[in-house]
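File shown here: data.cif, holding mmCIF, C-alpha atoms and all ligand atoms.
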data_work
loop_
_atom_site.group_PDB
_atom_site.id
_atom_site.type_symbol
_atom_site.label_atom_id
_atom_site.label_comp_id
_atom_site.auth_asym_id
_atom_site.auth_seq_id
_atom_site.Cartn_x
_atom_site.Cartn_y
_atom_site.Cartn_z
ATOM 1 C CA MET A 1 -6.763 -8.436 13.543
ATOM 2 C CA ILE A 2 -5.986 -6.204 10.572
ATOM 3 C CA PHE A 3 -2.502 -6.151 9.050
ATOM 4 C CA TRP A 4 -1.999 -2.939 7.104
ATOM 5 C CA PHE A 5 0.595 -1.271 4.948
ATOM 6 C CA SER A 6 0.450 2.230 3.525
ATOM 7 C CA GLY A 7 2.820 4.731 1.970
ATOM 8 C CA THR A 8 0.827 7.878 1.350
ATOM 9 C CA GLY A 9 -1.978 7.200 3.818
ATOM 10 C CA ASN A 10 -4.848 5.892 1.677
ATOM 11 C CA SER A 11 -4.661 2.321 2.942
ATOM 12 C CA ARG A 12 -4.006 3.500 6.473
ATOM 13 C CA TYR A 13 -7.205 5.534 6.337
ATOM 14 C CA VAL A 14 -9.151 2.498 5.080
ATOM 15 C CA ALA A 15 -7.580 0.184 7.681
ATOM 16 C CA GLU A 16 -8.309 2.591 10.542
ATOM 17 C CA LYS A 17 -11.905 3.081 9.434
ATOM 18 C CA LEU A 18 -12.445 -0.691 9.185
ATOM 19 C CA ALA A 19 -10.784 -1.287 12.555
ATOM 20 C CA ARG A 20 -13.070 1.251 14.255
ATOM 21 C CA ARG A 21 -16.171 -0.058 12.521
ATOM 22 C CA LEU A 22 -15.386 -3.742 13.165
ATOM 23 C CA ASN A 23 -13.755 -3.271 16.548
ATOM 24 C CA GLU A 24 -10.531 -4.901 15.368
ATOM 25 C CA HIS A 25 -6.990 -4.097 16.279
ATOM 26 C CA LEU A 26 -4.329 -3.002 13.812
ATOM 27 C CA VAL A 27 -0.884 -4.418 13.114
ATOM 28 C CA ALA A 28 1.531 -2.385 10.959
ATOM 29 C CA VAL A 29 3.193 -4.644 8.383
ATOM 30 C CA ALA A 30 6.279 -2.418 8.101
ATOM 31 C CA GLU A 31 6.838 -2.436 11.865
ATOM 32 C CA ALA A 32 6.285 -6.200 12.027
ATOM 33 C CA ILE A 33 9.006 -6.680 9.405
ATOM 34 C CA TYR A 34 11.330 -4.149 11.034
ATOM 35 C CA ASP A 35 10.878 -5.782 14.466
ATOM 36 C CA LYS A 36 10.935 -9.284 12.928
ATOM 37 C CA LYS A 37 7.698 -10.012 14.761
ATOM 38 C CA PHE A 38 5.961 -12.734 12.787
ATOM 39 C CA ASP A 39 4.017 -14.658 15.470
ATOM 40 C CA TYR A 40 0.459 -13.619 16.216
ATOM 41 C CA THR A 41 -2.563 -15.229 17.842
ATOM 42 C CA LEU A 42 -6.184 -14.875 16.770
ATOM 43 C CA GLN A 43 -8.833 -14.999 19.482
ATOM 44 C CA PRO A 44 -11.705 -17.476 18.926
ATOM 45 C CA GLY A 45 -14.042 -16.047 16.281
ATOM 46 C CA GLU A 46 -11.645 -13.241 15.365
ATOM 47 C CA THR A 47 -11.234 -12.385 11.677
ATOM 48 C CA LEU A 48 -7.957 -11.941 9.800
ATOM 49 C CA GLY A 49 -7.721 -8.919 7.506
ATOM 50 C CA PHE A 50 -5.083 -7.383 5.252
ATOM 51 C CA VAL A 51 -5.274 -3.833 3.922
ATOM 52 C CA PHE A 52 -2.641 -2.607 1.476
ATOM 53 C CA PRO A 53 -2.095 -0.686 -1.767
ATOM 54 C CA THR A 54 -2.038 -2.270 -5.196
ATOM 55 C CA TYR A 55 1.433 -2.043 -6.751
ATOM 56 C CA SER A 56 1.684 -2.918 -10.410
ATOM 57 C CA TRP A 57 -1.553 -4.889 -10.467
ATOM 58 C CA GLY A 58 -0.700 -7.013 -7.480
ATOM 59 C CA PRO A 59 -0.424 -6.713 -3.712
ATOM 60 C CA ALA A 60 2.344 -4.420 -2.436
ATOM 61 C CA PRO A 61 5.291 -6.881 -2.362
ATOM 62 C CA VAL A 62 6.156 -5.957 1.231
ATOM 63 C CA VAL A 63 2.872 -7.549 2.349
ATOM 64 C CA LEU A 64 3.683 -10.752 0.476
ATOM 65 C CA ARG A 65 7.063 -10.702 2.197
ATOM 66 C CA LEU A 66 5.338 -10.599 5.588
ATOM 67 C CA ILE A 67 2.987 -13.429 4.639
ATOM 68 C CA LYS A 68 5.930 -15.684 3.778
ATOM 69 C CA GLU A 69 7.055 -15.435 7.411
ATOM 70 C CA LEU A 70 3.713 -15.025 9.162
ATOM 71 C CA GLU A 71 2.623 -17.554 11.799
ATOM 72 C CA VAL A 72 -0.906 -16.921 13.044
ATOM 73 C CA ALA A 73 -2.018 -19.269 15.809
ATOM 74 C CA GLY A 74 -5.736 -19.817 16.167
ATOM 75 C CA VAL A 75 -6.535 -19.854 12.431
ATOM 76 C CA THR A 76 -9.086 -22.589 11.724
ATOM 77 C CA PRO A 77 -10.980 -23.527 8.532
ATOM 78 C CA ALA A 78 -13.791 -21.349 9.927
ATOM 79 C CA THR A 79 -11.617 -18.234 10.218
ATOM 80 C CA TYR A 80 -12.868 -15.455 7.976
ATOM 81 C CA CYS A 81 -9.911 -13.973 6.080
ATOM 82 C CA TYR A 82 -10.178 -10.973 3.773
ATOM 83 C CA MET A 83 -8.116 -8.463 1.844
ATOM 84 C CA VAL A 84 -8.880 -4.847 1.004
ATOM 85 C CA THR A 85 -6.601 -3.221 -1.529
ATOM 86 C CA THR A 86 -6.596 0.469 -2.341
ATOM 87 C CA CYS A 87 -5.778 1.450 -5.902
ATOM 88 C CA GLY A 88 -5.783 4.434 -8.204
ATOM 89 C CA ASP A 89 -7.675 2.597 -10.920
ATOM 90 C CA ASP A 90 -7.633 -1.193 -11.051
ATOM 91 C CA VAL A 91 -6.051 -4.209 -9.412
ATOM 92 C CA GLY A 92 -5.644 -6.792 -12.188
ATOM 93 C CA ARG A 93 -5.235 -10.284 -10.761
ATOM 94 C CA SER A 94 -4.231 -9.085 -7.265
ATOM 95 C CA VAL A 95 -6.779 -11.354 -5.607
ATOM 96 C CA ASP A 96 -5.370 -14.514 -7.216
ATOM 97 C CA ILE A 97 -1.821 -13.511 -6.280
ATOM 98 C CA PHE A 98 -2.804 -12.777 -2.705
ATOM 99 C CA ALA A 99 -4.953 -15.908 -2.312
ATOM 100 C CA LYS A 100 -2.058 -18.040 -3.577
ATOM 101 C CA ALA A 101 0.375 -16.475 -1.094
ATOM 102 C CA LEU A 102 -2.051 -17.141 1.773
ATOM 103 C CA ARG A 103 -2.791 -20.671 0.603
ATOM 104 C CA LYS A 104 0.912 -21.492 0.889
ATOM 105 C CA ARG A 105 0.593 -20.562 4.576
ATOM 106 C CA GLY A 106 -2.522 -22.714 5.009
ATOM 107 C CA ILE A 107 -4.928 -19.758 5.066
ATOM 108 C CA THR A 108 -7.974 -19.461 2.788
ATOM 109 C CA LEU A 109 -8.934 -16.036 1.466
ATOM 110 C CA GLN A 110 -12.697 -15.564 1.567
ATOM 111 C CA GLY A 111 -13.373 -11.883 1.000
ATOM 112 C CA ALA A 112 -11.598 -9.536 -1.423
ATOM 113 C CA PHE A 113 -12.400 -5.884 -1.998
ATOM 114 C CA SER A 114 -10.840 -2.897 -3.721
ATOM 115 C CA VAL A 115 -11.284 0.757 -2.820
ATOM 116 C CA GLN A 116 -10.368 3.388 -5.386
ATOM 117 C CA MET A 117 -8.380 6.216 -3.854
ATOM 118 C CA PRO A 118 -6.215 9.011 -5.298
ATOM 119 C CA ASN A 119 -3.318 7.694 -7.358
ATOM 120 C CA ASN A 120 0.177 8.158 -5.962
ATOM 121 C CA TYR A 121 2.244 6.516 -8.721
ATOM 122 C CA ILE A 122 4.272 9.119 -10.615
ATOM 123 C CA CYS A 123 7.566 7.446 -11.493
ATOM 124 C CA MET A 124 6.933 6.541 -15.133
ATOM 125 C CA LYS A 125 5.926 8.421 -18.226
ATOM 126 C CA GLY A 126 2.130 8.628 -18.480
ATOM 127 C CA PHE A 127 1.507 8.227 -14.735
ATOM 128 C CA ASP A 128 0.659 11.215 -12.561
ATOM 129 C CA THR A 129 -1.459 12.131 -9.571
ATOM 130 C CA ASP A 130 -5.148 12.653 -10.284
ATOM 131 C CA ASP A 131 -6.414 16.102 -11.121
ATOM 132 C CA GLN A 132 -8.443 17.825 -8.395
ATOM 133 C CA PRO A 133 -11.970 16.792 -9.558
ATOM 134 C CA VAL A 134 -10.983 13.117 -9.841
ATOM 135 C CA MET A 135 -9.234 13.220 -6.466
ATOM 136 C CA ARG A 136 -12.281 14.846 -4.864
ATOM 137 C CA ARG A 137 -14.657 12.345 -6.438
ATOM 138 C CA LYS A 138 -12.639 9.399 -5.133
ATOM 139 C CA LEU A 139 -12.290 10.854 -1.635
ATOM 140 C CA LEU A 140 -15.992 11.672 -1.455
ATOM 141 C CA ALA A 141 -16.971 8.162 -2.553
ATOM 142 C CA ALA A 142 -14.565 6.385 -0.191
ATOM 143 C CA PRO A 143 -16.529 6.460 3.110
ATOM 144 C CA GLU A 144 -19.623 4.835 1.537
ATOM 145 C CA ARG A 145 -17.487 2.252 -0.235
ATOM 146 C CA ILE A 146 -15.628 1.412 2.983
ATOM 147 C CA GLU A 147 -18.921 1.056 4.851
ATOM 148 C CA SER A 148 -20.199 -1.329 2.178
ATOM 149 C CA VAL A 149 -16.997 -3.371 2.502
ATOM 150 C CA ALA A 150 -17.245 -3.315 6.318
ATOM 151 C CA MET A 151 -20.827 -4.611 6.217
ATOM 152 C CA ARG A 152 -19.804 -7.569 4.111
ATOM 153 C CA ILE A 153 -16.787 -8.311 6.292
ATOM 154 C CA ALA A 154 -19.024 -8.197 9.373
ATOM 155 C CA GLU A 155 -21.303 -10.762 7.682
ATOM 156 C CA HIS A 156 -18.266 -12.934 6.729
ATOM 157 C CA ARG A 157 -19.315 -12.850 3.079
ATOM 158 C CA CYS A 158 -17.358 -15.095 0.715
ATOM 159 C CA THR A 159 -17.145 -12.662 -2.156
ATOM 160 C CA THR A 160 -14.789 -10.858 -4.522
ATOM 161 C CA ASP A 161 -15.636 -7.257 -5.342
ATOM 162 C CA VAL A 162 -12.670 -5.580 -7.003
ATOM 163 C CA VAL A 163 -12.079 -3.449 -10.093
ATOM 164 C CA THR A 164 -10.072 -5.884 -12.209
ATOM 165 C CA GLY A 165 -9.572 -3.563 -15.189
ATOM 166 C CA LYS A 166 -8.682 -4.427 -18.788
ATOM 167 C CA TRP A 167 -6.013 -7.002 -19.675
ATOM 168 C CA PRO A 168 -5.568 -8.208 -16.088
ATOM 169 C CA GLY A 169 -3.485 -11.245 -17.056
ATOM 170 C CA VAL A 170 -1.025 -9.173 -19.082
ATOM 171 C CA LYS A 171 -0.757 -6.524 -16.360
ATOM 172 C CA SER A 172 -0.373 -8.897 -13.403
ATOM 173 C CA HIS A 173 1.593 -11.718 -14.955
ATOM 174 C CA ILE A 174 3.741 -10.007 -17.625
ATOM 175 C CA ILE A 175 4.170 -6.327 -16.661
ATOM 176 C CA ARG A 176 4.247 -6.909 -12.893
ATOM 177 C CA PRO A 177 7.251 -9.295 -12.824
ATOM 178 C CA TRP A 178 9.160 -6.789 -15.002
ATOM 179 C CA PHE A 179 8.096 -3.931 -12.702
ATOM 180 C CA LYS A 180 9.172 -5.766 -9.559
ATOM 181 C CA ARG A 181 12.546 -6.506 -11.083
ATOM 182 C CA TYR A 182 13.389 -3.170 -12.692
ATOM 183 C CA ALA A 183 11.156 -0.447 -11.222
ATOM 184 C CA MET A 184 11.225 -0.999 -7.471
ATOM 185 C CA SER A 185 14.813 -0.151 -6.613
ATOM 186 C CA ASP A 186 15.606 2.851 -4.433
ATOM 187 C CA LYS A 187 18.756 3.624 -6.459
ATOM 188 C CA PRO A 188 17.030 6.239 -8.695
ATOM 189 C CA PHE A 189 16.064 8.424 -5.690
ATOM 190 C CA LYS A 190 17.904 11.742 -5.761
ATOM 191 C CA THR A 191 17.719 14.895 -3.688
ATOM 192 C CA ASP A 192 18.227 18.414 -4.933
ATOM 193 C CA ALA A 193 20.765 19.696 -2.406
ATOM 194 C CA ALA A 194 19.854 23.303 -3.172
ATOM 195 C CA LEU A 195 16.251 22.679 -2.129
ATOM 196 C CA CYS A 196 16.659 20.209 0.750
ATOM 197 C CA THR A 197 16.375 21.914 4.142
ATOM 198 C CA ARG A 198 17.340 18.705 5.978
ATOM 199 C CA CYS A 199 14.020 18.848 7.836
ATOM 200 C CA GLY A 200 13.943 15.053 8.284
ATOM 201 C CA LYS A 201 10.354 14.624 7.100
ATOM 202 C CA CYS A 202 11.356 11.960 4.564
ATOM 203 C CA VAL A 203 13.068 9.990 7.337
ATOM 204 C CA ASP A 204 10.000 10.259 9.591
ATOM 205 C CA VAL A 205 7.450 9.153 6.993
ATOM 206 C CA CYS A 206 9.393 6.187 5.609
ATOM 207 C CA PRO A 207 7.540 3.136 6.934
ATOM 208 C CA MET A 208 10.550 0.908 6.213
ATOM 209 C CA HIS A 209 13.099 3.022 8.137
ATOM 210 C CA ASN A 210 14.969 3.100 4.845
ATOM 211 C CA ILE A 211 16.264 6.690 4.876
ATOM 212 C CA LYS A 212 19.175 8.063 6.859
ATOM 213 C CA LEU A 213 19.865 11.779 6.995
ATOM 214 C CA ALA A 214 23.550 12.422 6.289
ATOM 215 C CA ASP A 215 25.320 15.775 5.929
ATOM 216 C CA GLU A 216 24.720 15.577 2.173
ATOM 217 C CA GLY A 217 20.975 14.934 2.689
ATOM 218 C CA PRO A 218 18.826 11.775 2.681
ATOM 219 C CA GLN A 219 20.494 8.465 1.876
ATOM 220 C CA TRP A 220 18.390 5.471 0.797
ATOM 221 C CA GLN A 221 19.440 2.159 2.357
ATOM 222 C CA GLY A 222 18.201 -0.505 -0.076
ATOM 223 C CA GLN A 223 15.172 -1.698 1.960
ATOM 224 C CA CYS A 224 12.607 0.282 0.008
ATOM 225 C CA ALA A 225 8.964 -0.789 -0.411
ATOM 226 C CA MET A 226 8.479 1.755 -3.233
ATOM 227 C CA CYS A 227 5.611 3.358 -1.346
ATOM 228 C CA LEU A 228 6.685 6.887 -2.442
ATOM 229 C CA ALA A 229 5.874 8.445 0.942
ATOM 230 C CA CYS A 230 9.248 10.218 0.922
ATOM 231 C CA VAL A 231 8.678 11.769 -2.519
ATOM 232 C CA HIS A 232 5.143 12.922 -1.785
ATOM 233 C CA HIS A 233 5.771 14.299 1.719
ATOM 234 C CA CYS A 234 8.902 16.331 1.047
ATOM 235 C CA PRO A 235 7.645 19.869 1.708
ATOM 236 C CA VAL A 236 9.983 21.441 -0.857
ATOM 237 C CA ARG A 237 9.782 18.787 -3.611
ATOM 238 C CA ALA A 238 13.486 18.084 -3.240
ATOM 239 C CA ILE A 239 13.136 14.339 -3.892
ATOM 240 C CA GLN A 240 12.933 12.949 -7.413
ATOM 241 C CA TYR A 241 12.806 9.389 -8.711
ATOM 242 C CA GLY A 242 14.888 9.302 -11.876
ATOM 243 C CA LYS A 243 13.863 11.823 -14.497
ATOM 244 C CA GLN A 244 10.097 11.362 -14.565
ATOM 245 C CA THR A 245 8.862 12.920 -11.311
ATOM 246 C CA GLN A 246 10.113 16.506 -11.706
ATOM 247 C CA ASP A 247 6.909 17.937 -13.151
ATOM 248 C CA LYS A 248 4.460 15.506 -11.599
ATOM 249 C CA GLY A 249 1.958 16.150 -8.822
ATOM 250 C CA ARG A 250 2.423 15.262 -5.191
ATOM 251 C CA TYR A 251 -0.235 13.639 -2.990
ATOM 252 C CA TYR A 252 -0.706 12.220 0.457
ATOM 253 C CA PHE A 253 -3.876 11.520 2.385
ATOM 254 C CA LYS A 254 -4.819 14.271 4.816
ATOM 255 C CA LYS A 255 -7.505 13.903 7.498
ATOM 256 C CA THR A 256 -9.093 17.079 6.131
ATOM 257 C CA ASN A 257 -9.240 15.750 2.540
HETATM 258 C C1 LIG B 301 4.728 1.372 -6.939
HETATM 259 C C2 LIG B 301 3.269 1.669 -7.146
HETATM 260 C C3 LIG B 301 2.530 0.934 -8.059
HETATM 261 C C4 LIG B 301 1.165 1.192 -8.240
HETATM 262 N N1 LIG B 301 0.442 0.400 -9.075
HETATM 263 C C5 LIG B 301 -0.886 0.585 -9.181
HETATM 264 C C6 LIG B 301 -1.683 -0.296 -9.978
HETATM 265 O O1 LIG B 301 -1.214 -1.279 -10.544
HETATM 266 N N2 LIG B 301 -3.004 -0.037 -10.108
HETATM 267 C C7 LIG B 301 -3.591 1.037 -9.493
HETATM 268 O O2 LIG B 301 -4.794 1.234 -9.655
HETATM 269 N N3 LIG B 301 -2.881 1.867 -8.704
HETATM 270 C C8 LIG B 301 -1.542 1.655 -8.522
HETATM 271 N N4 LIG B 301 -0.810 2.477 -7.695
HETATM 272 C C9 LIG B 301 -1.517 3.524 -6.927
HETATM 273 C C10 LIG B 301 -1.803 3.087 -5.497
HETATM 274 O O3 LIG B 301 -2.242 1.746 -5.447
HETATM 275 C C11 LIG B 301 -2.851 3.952 -4.813
HETATM 276 O O4 LIG B 301 -2.615 5.312 -4.960
HETATM 277 C C12 LIG B 301 -2.944 3.558 -3.347
HETATM 278 O O5 LIG B 301 -4.162 3.980 -2.811
HETATM 279 C C13 LIG B 301 -1.800 4.110 -2.507
HETATM 280 O O6 LIG B 301 -1.982 3.654 -1.192
HETATM 281 P P1 LIG B 301 -1.265 4.281 0.074
HETATM 282 O O7 LIG B 301 -1.643 5.742 0.122
HETATM 283 O O8 LIG B 301 -1.853 3.531 1.211
HETATM 284 O O9 LIG B 301 0.184 4.096 -0.079
HETATM 285 C C14 LIG B 301 0.548 2.239 -7.500
HETATM 286 C C15 LIG B 301 1.314 2.994 -6.605
HETATM 287 C C16 LIG B 301 2.658 2.710 -6.432
HETATM 288 C C17 LIG B 301 3.449 3.535 -5.441
HETATM 289 S S1 LIG B 302 11.833 15.889 3.395
HETATM 290 FE FE1 LIG B 302 12.790 16.970 1.681
HETATM 291 S S2 LIG B 302 13.648 18.826 2.587
HETATM 292 FE FE2 LIG B 302 13.220 17.428 4.282
HETATM 293 S S3 LIG B 302 15.162 16.295 4.575
HETATM 294 FE FE3 LIG B 302 13.906 15.075 3.183
HETATM 295 S S4 LIG B 302 14.545 15.720 1.138
HETATM 296 FE FE4 LIG B 302 15.278 17.291 2.550
HETATM 297 S S1 LIG B 303 12.416 5.087 0.900
HETATM 298 FE FE1 LIG B 303 10.655 6.297 0.253
HETATM 299 S S2 LIG B 303 9.628 4.943 -1.224
HETATM 300 FE FE2 LIG B 303 11.072 3.655 -0.102
HETATM 301 S S3 LIG B 303 9.889 2.777 1.593
HETATM 302 FE FE3 LIG B 303 10.810 4.668 2.361
HETATM 303 S S4 LIG B 303 9.301 6.270 2.040
HETATM 304 FE FE4 LIG B 303 8.706 4.489 0.802
#
Output the file's structure in the form of structure tokens.
Amino acid sequence: MIFWFSGTGNSRYVAEKLARRLNEHLVAVAEAIYDKKFDYTLQPGETLGFVFPTYSWGPAPVVLRLIKELEVAGVTPATYCYMVTTCGDDVGRSVDIFAKALRKRGITLQGAFSVQMPNNYICMKGFDTDDQPVMRRKLLAAPERIESVAMRIAEHRCTTDVVTGKWPGVKSHIIRPWFKRYAMSDKPFKTDAALCTRCGKCVDVCPMHNIKLADEGPQWQGQCAMCLACVHHCPVRAIQYGKQTQDKGRYYFKKTN
């Protein structure tokens, strides 16, 4: 069983590839939360996986929210549990944060992997999408990396193989709490009414069902996961987050990438 969350498609791509390779079935974290479906059952010998993006050097908070409520019957001390986090660059102390959240639910994390994918964070000064060569390099390297991760999951390897990056403690334990508090609200989202065609794409791509289309355009409802799918998918770049996204790139994973 693989629980997955994704905004712009990178983690979804990784989760789907792993599910096909390992013959596992997928559970969408956002739908589980929306439907309030927190009870699951593992078959004997089945593994428990989580695939999600790194947000501010930790697991996407929406996944931690699910774990707080999650009840998985059939988990035993022998159950192999793993996480795979996609990131633009590095994941800081994501593994420790995730392992702690699972431990509180009586589950032991055994495998932890990161997969570098194109960056989608554009909301602050100094952060932008990757330029084309970097994006291409990451996308070309991804299938081999995912296969290497899949092999180790199939062998139930107890291992951590992530790009931690520099200053992981500062990033994950000092910057991240600030980020979660002040940089994850959906209040700064704005739409340029002159550009918006009211096509409804932003509504369709929001995994959290957090956008309603009113006469004035999209309205954010306060249940945002900060995945930025709405910003990146808007075909006419009508959505901005505060003042920093106007001149930034846009990215989402395409099957043809
Ligand atoms: C709110 C937010 C915070 C992010 N923080 C990090 C980070 O700390 N480190 C990193 O390498 N990438 C970071 N990223 C980039 C994403 O982790 C990366 O692009 C990921 O593959 C996106 O996955 P998705 O396409 O499945 O949504 C962040 C993205 C967002 C939206
Ligand atoms: S995706 Fe863009 S153009 Fe379409 S409704 Fe949303 S904001 Fe408007
Ligand atoms: S409102 Fe936008 S950023 Fe927030 S969860 Fe929905 S798509 Fe993601």
If the box runs along x, y and z of the file and leaves 8 Å on each side of segment 214-230 of chain A, what are its centre and edge lengths in Å, one decimal, as lines of an AutoDock Vina configuration file?
center_x = 15.5
center_y = 7.0
center_z = 1.5
size_x = 35.7
size_y = 33.5
size_z = 25.5
### Query
Can you list what the PyMOL selection byres (((not hetatm)) within 7 of (chain B and resi 302)) grabs from this structure, as a count of residues only?
21
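Among the candidates A:Ile175, A:Val14, A:Cys206, A:Cys227, the residue lying nearest to Val63 of chain A is A:Cys227 (atoms considered: only C-alpha atoms).
Taking all atoms listed in the file into account, His156 of chain A lies nearest to A:Thr79 out of the set A:Ser94, A:Thr79, A:Asn10, A:Thr54.
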### Query
When the cut-off is 12 Å and you count all atoms listed in the file, which residues lie near ligand LIG 303 (chain B), shown as a PyMOL selection string?
chain A and resi 5-9+30-31+34+60-62+120-123+183-191+200-213+218-234+239-241+252
### Summary
Restricting to all atoms listed in the file, whichever of A:Arg105, A:Lys125, A:Arg176, A:Arg21 is closest to ligand LIG 301 (chain B) is A:Arg176
### Task
Report the distance between atom CA of Phe3 of chain A and atom CA of Leu26 of chain A in Å, rounded to one decimal place.
6.0 Å
### Message
Please report the interatomic distance between atom CA of Gly92 of chain A and atom CA of Val27 of chain A in Å with one decimal.
### Response
25.9 Å
